[in-house]
Each structure stands twice: as C-alpha cells, then as structure tokens.
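Have a look at data_15.txt below; it lists compact mmCIF, C-alpha atoms.
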# COMPACT_ATOMS: atom_id res chain seq x y z
CA MET A 1 -63.71 -44.83 -15.66
CA LYS A 2 -66.24 -44.09 -12.92
CA PRO A 3 -68.59 -41.12 -13.44
CA LEU A 4 -67.99 -37.97 -11.41
CA SER A 5 -69.61 -38.30 -8.00
CA THR A 6 -72.70 -36.17 -7.49
CA GLU A 7 -71.61 -35.74 -3.85
CA ILE A 8 -69.09 -33.06 -4.81
CA GLN A 9 -70.63 -29.85 -3.49
CA ASN A 10 -67.62 -27.53 -3.37
CA THR A 11 -68.15 -24.99 -6.16
CA GLU A 12 -64.52 -23.89 -6.21
CA ALA A 13 -63.38 -27.51 -6.50
CA LEU A 14 -65.66 -28.01 -9.46
CA LEU A 15 -64.36 -24.82 -11.08
CA ASP A 16 -60.78 -26.01 -10.60
CA LEU A 17 -61.68 -29.37 -12.08
CA GLY A 18 -63.28 -27.66 -15.06
CA ARG A 19 -60.24 -25.46 -15.68
CA ALA A 20 -57.91 -28.44 -15.43
CA SER A 21 -60.08 -30.47 -17.78
CA VAL A 22 -60.08 -27.72 -20.41
CA GLN A 23 -56.29 -27.50 -20.24
CA ILE A 24 -55.93 -31.29 -20.51
CA VAL A 25 -58.23 -31.38 -23.52
CA HIS A 26 -56.25 -28.54 -25.10
CA ASP A 27 -53.00 -30.47 -24.63
CA LEU A 28 -54.54 -33.67 -25.99
CA LYS A 29 -55.74 -31.75 -29.05
CA ASN A 30 -52.17 -30.62 -29.73
CA GLN A 31 -50.94 -34.20 -29.42
CA ILE A 32 -53.62 -35.42 -31.83
CA ASN A 33 -52.65 -32.73 -34.32
CA GLY A 34 -49.07 -34.00 -34.06
CA LEU A 35 -50.21 -37.55 -34.77
CA LYS A 36 -52.17 -36.25 -37.75
CA LEU A 37 -48.98 -34.75 -39.18
CA TYR A 38 -47.22 -38.12 -38.91
CA ALA A 39 -50.19 -39.87 -40.52
CA THR A 40 -50.26 -37.30 -43.33
CA PHE A 41 -46.55 -37.93 -43.91
CA LEU A 42 -47.25 -41.66 -44.24
CA ARG A 43 -50.13 -41.00 -46.64
CA LYS A 44 -47.90 -38.92 -48.89
CA ARG A 45 -45.25 -41.64 -48.75
CA PHE A 46 -47.87 -44.21 -49.73
CA GLU A 47 -48.89 -42.04 -52.70
CA THR A 48 -45.36 -42.30 -54.13
CA GLN A 49 -45.30 -46.06 -53.74
CA GLU A 50 -47.45 -48.86 -55.02
CA ARG A 51 -49.13 -49.68 -51.72
CA PRO A 52 -52.18 -51.96 -51.42
CA ALA A 53 -55.54 -50.20 -51.56
CA ASP A 54 -56.49 -51.37 -48.06
CA GLU A 55 -53.38 -49.71 -46.58
CA ARG A 56 -54.18 -46.39 -48.29
CA GLU A 57 -57.79 -46.67 -47.12
CA THR A 58 -56.69 -47.39 -43.55
CA ILE A 59 -54.38 -44.39 -43.34
CA ALA A 60 -57.14 -42.17 -44.76
CA LYS A 61 -59.54 -43.40 -42.06
CA ILE A 62 -56.93 -42.77 -39.36
CA ILE A 63 -56.46 -39.18 -40.54
CA ALA A 64 -60.22 -38.60 -40.73
CA GLY A 65 -60.66 -39.93 -37.19
CA LEU A 66 -57.88 -37.75 -35.85
CA GLU A 67 -59.39 -34.70 -37.56
CA ARG A 68 -62.80 -35.39 -36.00
CA ALA A 69 -61.28 -35.87 -32.56
CA ALA A 70 -59.24 -32.66 -32.84
CA ALA A 71 -62.32 -30.72 -34.00
CA ASP A 72 -64.39 -32.02 -31.07
CA MET A 73 -61.65 -31.10 -28.64
CA THR A 74 -61.42 -27.62 -30.12
CA THR A 75 -65.16 -27.19 -29.60
CA LEU A 76 -64.93 -28.44 -26.02
CA VAL A 77 -62.04 -26.07 -25.22
CA ARG A 78 -63.97 -23.15 -26.71
CA TYR A 79 -67.03 -24.11 -24.64
CA GLY A 80 -64.97 -24.33 -21.45
CA ARG A 81 -63.32 -20.94 -21.83
CA PRO A 82 -64.93 -17.49 -21.45
CA LEU A 83 -66.31 -16.03 -24.65
CA ASP A 84 -64.67 -12.85 -25.90
CA LEU A 85 -67.47 -11.21 -27.85
CA GLN A 86 -66.45 -8.62 -30.43
CA THR A 87 -69.82 -6.94 -30.85
CA GLN A 88 -70.71 -4.40 -33.49
CA PRO A 89 -73.81 -2.17 -33.67
CA HIS A 90 -76.60 -2.47 -36.23
CA VAL A 91 -75.88 -6.06 -37.32
CA ASP A 92 -78.56 -7.40 -39.68
CA LEU A 93 -79.83 -10.60 -38.05
CA ALA A 94 -81.84 -11.58 -41.13
CA ARG A 95 -78.71 -11.52 -43.26
CA LEU A 96 -76.78 -13.65 -40.76
CA LEU A 97 -79.62 -16.15 -40.67
CA LYS A 98 -79.89 -16.40 -44.45
CA GLU A 99 -76.15 -17.03 -44.74
CA ALA A 100 -76.42 -19.78 -42.11
CA MET A 101 -79.05 -21.74 -44.01
CA PRO A 102 -77.89 -25.17 -45.23
CA LYS A 103 -79.38 -26.68 -48.35
CA GLY A 104 -82.97 -27.75 -47.87
CA GLN A 105 -84.10 -24.94 -45.59
CA THR A 106 -86.37 -22.05 -46.43
CA LEU A 107 -86.52 -18.72 -44.64
CA ALA A 108 -89.84 -17.02 -44.11
CA TYR A 109 -89.08 -13.45 -43.07
CA HIS A 110 -91.41 -10.46 -42.75
CA GLU A 111 -89.60 -7.73 -44.62
CA GLY A 112 -91.40 -4.99 -42.68
CA GLU A 113 -89.83 -6.06 -39.40
CA ALA A 114 -86.37 -4.67 -38.65
CA CYS A 115 -84.14 -7.10 -36.77
CA TYR A 116 -80.90 -5.28 -36.09
CA GLY A 117 -78.86 -5.60 -32.93
CA GLU A 118 -75.47 -5.39 -31.32
CA PHE A 119 -73.89 -8.78 -32.04
CA ASP A 120 -70.60 -10.52 -32.61
CA ALA A 121 -71.46 -11.33 -36.20
CA GLU A 122 -68.86 -14.08 -36.65
CA LYS A 123 -69.68 -16.03 -33.50
CA LEU A 124 -73.42 -15.56 -33.85
CA ALA A 125 -73.39 -16.66 -37.50
CA GLU A 126 -71.55 -19.83 -36.48
CA ALA A 127 -74.11 -20.49 -33.73
CA LEU A 128 -77.02 -20.01 -36.14
CA GLN A 129 -75.36 -22.29 -38.68
CA THR A 130 -74.96 -24.98 -36.01
CA MET A 131 -78.60 -24.71 -34.95
CA SER A 132 -79.78 -24.73 -38.57
CA ALA A 133 -77.78 -27.87 -39.34
CA ASN A 134 -79.02 -29.56 -36.18
CA ALA A 135 -82.63 -28.72 -36.98
CA ARG A 136 -82.12 -30.08 -40.50
CA SER A 137 -80.87 -33.37 -39.06
CA HIS A 138 -84.03 -33.69 -36.92
CA ALA A 139 -86.47 -32.94 -39.75
CA PRO A 140 -87.93 -35.24 -42.42
CA GLU A 141 -85.21 -35.86 -44.98
CA ASN A 142 -87.02 -34.89 -48.16
CA GLU A 143 -89.02 -31.94 -46.85
CA LEU A 144 -88.13 -28.26 -46.81
CA LEU A 145 -87.65 -26.96 -43.29
CA PRO A 146 -89.29 -23.58 -42.64
CA VAL A 147 -87.23 -21.14 -40.60
CA LEU A 148 -89.08 -18.08 -39.32
CA LEU A 149 -87.68 -14.83 -38.00
CA ARG A 150 -90.04 -12.49 -36.20
CA ARG A 151 -89.80 -9.46 -33.96
CA GLU A 152 -91.65 -9.18 -30.68
CA ASP A 153 -91.90 -6.55 -27.94
CA ASP A 154 -92.45 -7.40 -24.29
CA GLU A 155 -94.38 -5.50 -21.64
CA ASN A 156 -91.32 -3.35 -20.91
CA SER A 157 -91.13 -2.25 -24.55
CA GLU A 158 -87.95 -4.26 -25.03
CA ALA A 159 -87.55 -5.65 -28.53
CA PHE A 160 -86.47 -9.21 -29.28
CA ALA A 161 -85.89 -11.29 -32.37
CA VAL A 162 -87.27 -14.84 -32.26
CA ILE A 163 -85.97 -17.47 -34.66
CA GLU A 164 -87.86 -20.73 -35.07
CA TRP A 165 -86.77 -23.81 -36.98
CA ARG A 166 -90.07 -25.64 -37.48
CA GLY A 167 -91.11 -29.04 -38.77
CA LEU A 168 -88.86 -31.18 -36.55
CA ARG A 169 -89.64 -34.85 -36.05
CA HIS A 170 -91.33 -35.57 -32.72
CA ASN A 171 -88.69 -36.67 -30.21
CA PRO A 172 -89.81 -36.19 -26.59
CA ASP A 173 -86.46 -37.40 -25.23
CA ALA A 174 -84.32 -34.96 -27.24
CA ASN A 175 -81.89 -32.83 -25.27
CA PHE A 176 -80.44 -30.58 -27.94
CA PHE A 177 -78.34 -28.23 -25.82
CA ASN A 178 -77.07 -30.10 -22.77
CA SER A 179 -76.40 -33.73 -23.63
CA PHE A 180 -72.74 -33.34 -24.73
CA ALA A 181 -73.19 -36.72 -26.45
CA GLY A 182 -71.12 -36.53 -29.61
CA SER A 183 -69.85 -33.88 -32.01
CA ASP A 184 -73.23 -32.35 -32.85
CA ALA A 185 -74.19 -32.03 -29.18
CA LEU A 186 -70.89 -30.31 -28.36
CA ARG A 187 -71.45 -27.77 -31.13
CA MET A 188 -75.03 -27.18 -29.94
CA ALA A 189 -73.80 -26.55 -26.39
CA LEU A 190 -71.36 -23.97 -27.75
CA ALA A 191 -74.09 -22.38 -29.90
CA SER A 192 -76.30 -22.10 -26.83
CA LYS A 193 -73.47 -20.45 -24.90
CA VAL A 194 -72.98 -17.88 -27.70
CA ILE A 195 -76.70 -17.05 -27.78
CA ARG A 196 -76.81 -16.65 -23.99
CA ALA A 197 -73.67 -14.50 -24.02
CA HIS A 198 -75.59 -12.07 -26.24
CA GLY A 199 -78.34 -11.87 -23.61
CA GLY A 200 -80.55 -14.34 -25.44
CA SER A 201 -81.99 -17.77 -24.77
CA VAL A 202 -82.60 -21.07 -26.53
CA ALA A 203 -85.35 -23.65 -26.23
CA HIS A 204 -86.96 -26.56 -28.06
CA ASP A 205 -90.14 -28.55 -27.95
CA THR A 206 -91.52 -31.46 -29.95
CA GLU A 207 -91.88 -29.44 -33.15
CA ALA A 208 -89.47 -26.50 -33.13
CA LEU A 209 -86.05 -25.23 -32.14
CA ARG A 210 -85.93 -21.60 -30.97
CA ALA A 211 -83.47 -18.81 -30.30
CA ARG A 212 -84.40 -15.45 -28.78
CA LEU A 213 -82.05 -12.47 -29.06
CA PRO A 214 -82.40 -8.93 -27.73
CA LEU A 215 -82.51 -6.02 -30.16
CA LYS A 216 -80.89 -2.85 -28.91
CA SER A 217 -83.16 0.10 -28.20
CA SER A 218 -81.27 2.20 -30.74
CA ASP A 219 -82.27 -0.30 -33.41
CA LYS A 220 -86.00 -0.43 -32.67
Hey, can you dump this file as structure tokens for me?
Amino acid sequence: MKPLSTEIQNTEALLDLGRASVQIVHDLKNQINGLKLYATFLRKRFETQERPADERETIAKIIAGLERAAADMTTLVRYGRPLDLQTQPHVDLARLLKEAMPKGQTLAYHEGEACYGEFDAEKLAEALQTMSANARSHAPENELLPVLLRREDDENSEAFAVIEWRGLRHNPDANFFNSFAGSDALRMALASKVIRAHGGSVAHDTEALRARLPLKSSDK
C-alpha cells in the first residue's frame, strides 16, 4: 500500500478521511473480536480432547494475537474520536500518580505542595499509567526510576503541576508521542491527547519525560 500523498491540502478531505478510517478500524475490531470467539471455542474444544501440544500452543498464540490487535484498534478508535471528559473538582494529582506507578518506580513528592485540580480522574490516571510504563521501558532495567511531582507558578500567577520521569536512557531519535509505531506508541499518543484535553502539555528530552497540568485557581 502506498503512503498517503503529502500533496493533499484540503482540510475537510483529510477530516473526512480520518472519520472514515476510525469507523473502518472500529468495524475491523468487531470482526476480530468475532474471530476471537471462534478461536476460543476451538481452544475449549481442544481442552476436552487429547490434541497435540503444538496445536494447543498454536491456538493460544492466535487468540493472543487477536487480543493484541483488538486492543490496538480500540486505542486507535479512542484516539480518533473526541474525548468526553468527566471532570471533577479537587482531584488529588499526587494520589493518581502514585496509583499509576508500575513496579520499579519511586515517587519523590514534596508533601508541602498541594497539587489538586479539576480532572477526569479515570482518563488521567490511565494516561499517567501509560507514561509511567513507557518511561520504565526506556530506563535502565535494574535501576529505580525517580518520578518527581512539583508545583510551579508562572508570571500570571497561574499554578501548574509538573511531572517528570527521570533517568531515561539517552535516545536522541525517540519520538514518544507522535510515532504511532506499535502498541506502546498508540497508547502514548492517546495519553498525550488526554493531557492536552485537560489544558496541559507533554514533552521529552534525552533524560526525562514530562507532563504539565494546570491547577485550578480555587485549588491554589
């Protein structure tokens, strides 16, 4: 398949193409889920019969592959559709971050700094979990990864929370949020979209991954 031509300049045409693509992916996901049901039926049938080990292993790999494909398609559909944020006031960002920590990460948090804001706790927690897991995968395997949460105020007296995942391996060619290359990249693109939908931003350099989120004035 040839890549999409960069000569397409019509914004509305690109929007239509995007909407159609999301719908196609959604339909393909449903078809894959149907195939997974058939494969699961065969696996259960195999369990009641004395089938060779290689046949049972093959059907298990087929199911695992279908599950991964369906999960990736779900992520892509979610990325392609508008986010419906269900925000709540006075959400404790430090608590969300702690709950998002995978094994092998430490959280350095200044207890004197209040980091409360108006967030969709469920979607934001998922985004933080994705970014934490991605940072873990780009850090030395046997080292603890420090994650810092700090509060900062800009010149307009607006408060922000800054989260940094430090200690990443140097990778000047890394494109964490926009590559769309594989399952992890899809989830990172969705995490970035969630952060931006909250009025925040994401960034990375050779040593750290960052997220910046606004804190409501009532929570300062």
- So, counting all atoms listed in the file, which residue among A:Asp205, A:Glu118, A:Glu99, A:Glu67 is closest to Leu85 (chain A)?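 Of A:Asp205, A:Glu118, A:Glu99, A:Glu67, the one nearest Leu85 (chain A), counting all atoms listed in the file, is A:Glu118.
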- Item | Distance query 12 Å from (-82.6, -5.1, -33.5) using only C-alpha atoms, result as an NGL selection string | :A and (88-94 or 113-119 or 149-153 or 158-162 or 212-220)
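Straight-line separation from CA of Lys123 (chain A) to CA of Ile163 (chain A): 16.4 Å.
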- Query: Which is closest to Ala197 (chain A) among A:Leu76, A:Leu124, A:Leu35, A:Leu66, if we use only C-alpha atoms?
  - Reply: A:Leu124
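Atom pair CA of Ser132 (chain A) / CA of Leu97 (chain A): separated by 8.8 Å.
Counting all atoms listed in the file and comparing A:Arg68, A:Arg169, A:Arg187, A:Lys193, the residue that lies closest to Lys29 (chain A) is A:Arg68.
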- Task: Neighbourhood query: residues within 6 Å of (-77.1, -16.9, -40.3), file coordinates, counting all atoms listed in the file; return as a PyMOL selection string.
- Result: chain A and resi 96-100+125+128-129
Writer output for current selection, C-alpha atoms, as a compact mmCIF listing (two decimals), in the coordinates of the input:
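Result file result38.txt:
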# COMPACT_ATOMS: atom_id res chain seq x y z
CA LEU A 96 -76.78 -13.65 -40.76
CA LEU A 97 -79.62 -16.15 -40.67
CA LYS A 98 -79.89 -16.40 -44.45
CA GLU A 99 -76.15 -17.03 -44.74
CA ALA A 100 -76.42 -19.78 -42.11
CA ALA A 125 -73.39 -16.66 -37.50
CA LEU A 128 -77.02 -20.01 -36.14
CA GLN A 129 -75.36 -22.29 -38.68
- Would you please work out which residue, of A:Leu42, A:Leu168, A:Ile32, A:Ile195, is nearest to Ala139 (chain A) when using all atoms listed in the file? A:Leu168
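Coordinates place CA of Met101 (chain A) at a distance of 15.6 Å from CA of Met188 (chain A).
Distances here use only C-alpha atoms; by that measure, the residue among A:Ser192, A:Asn156, A:Ser201, A:Asn142 closest to Phe176 (chain A) is A:Ser192.
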Using only the atoms of region 37-43 of chain A listed in the file, plus 8 Å on each side, state the axis-aligned box centre and edge lengths in Å rounded to one decimal, as JSON.
{"center_x": -48.4, "center_y": -38.2, "center_z": -42.8, "size_x": 19.7, "size_y": 22.9, "size_z": 23.7}
- Pick from A:Leu209, A:Leu28, A:Ala121, A:Ala64 nearest to Ser137 (chain A), counting all atoms listed in the file: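 Using all atoms listed in the file, the shortest distance to Ser137 (chain A) belongs to A:Leu209.
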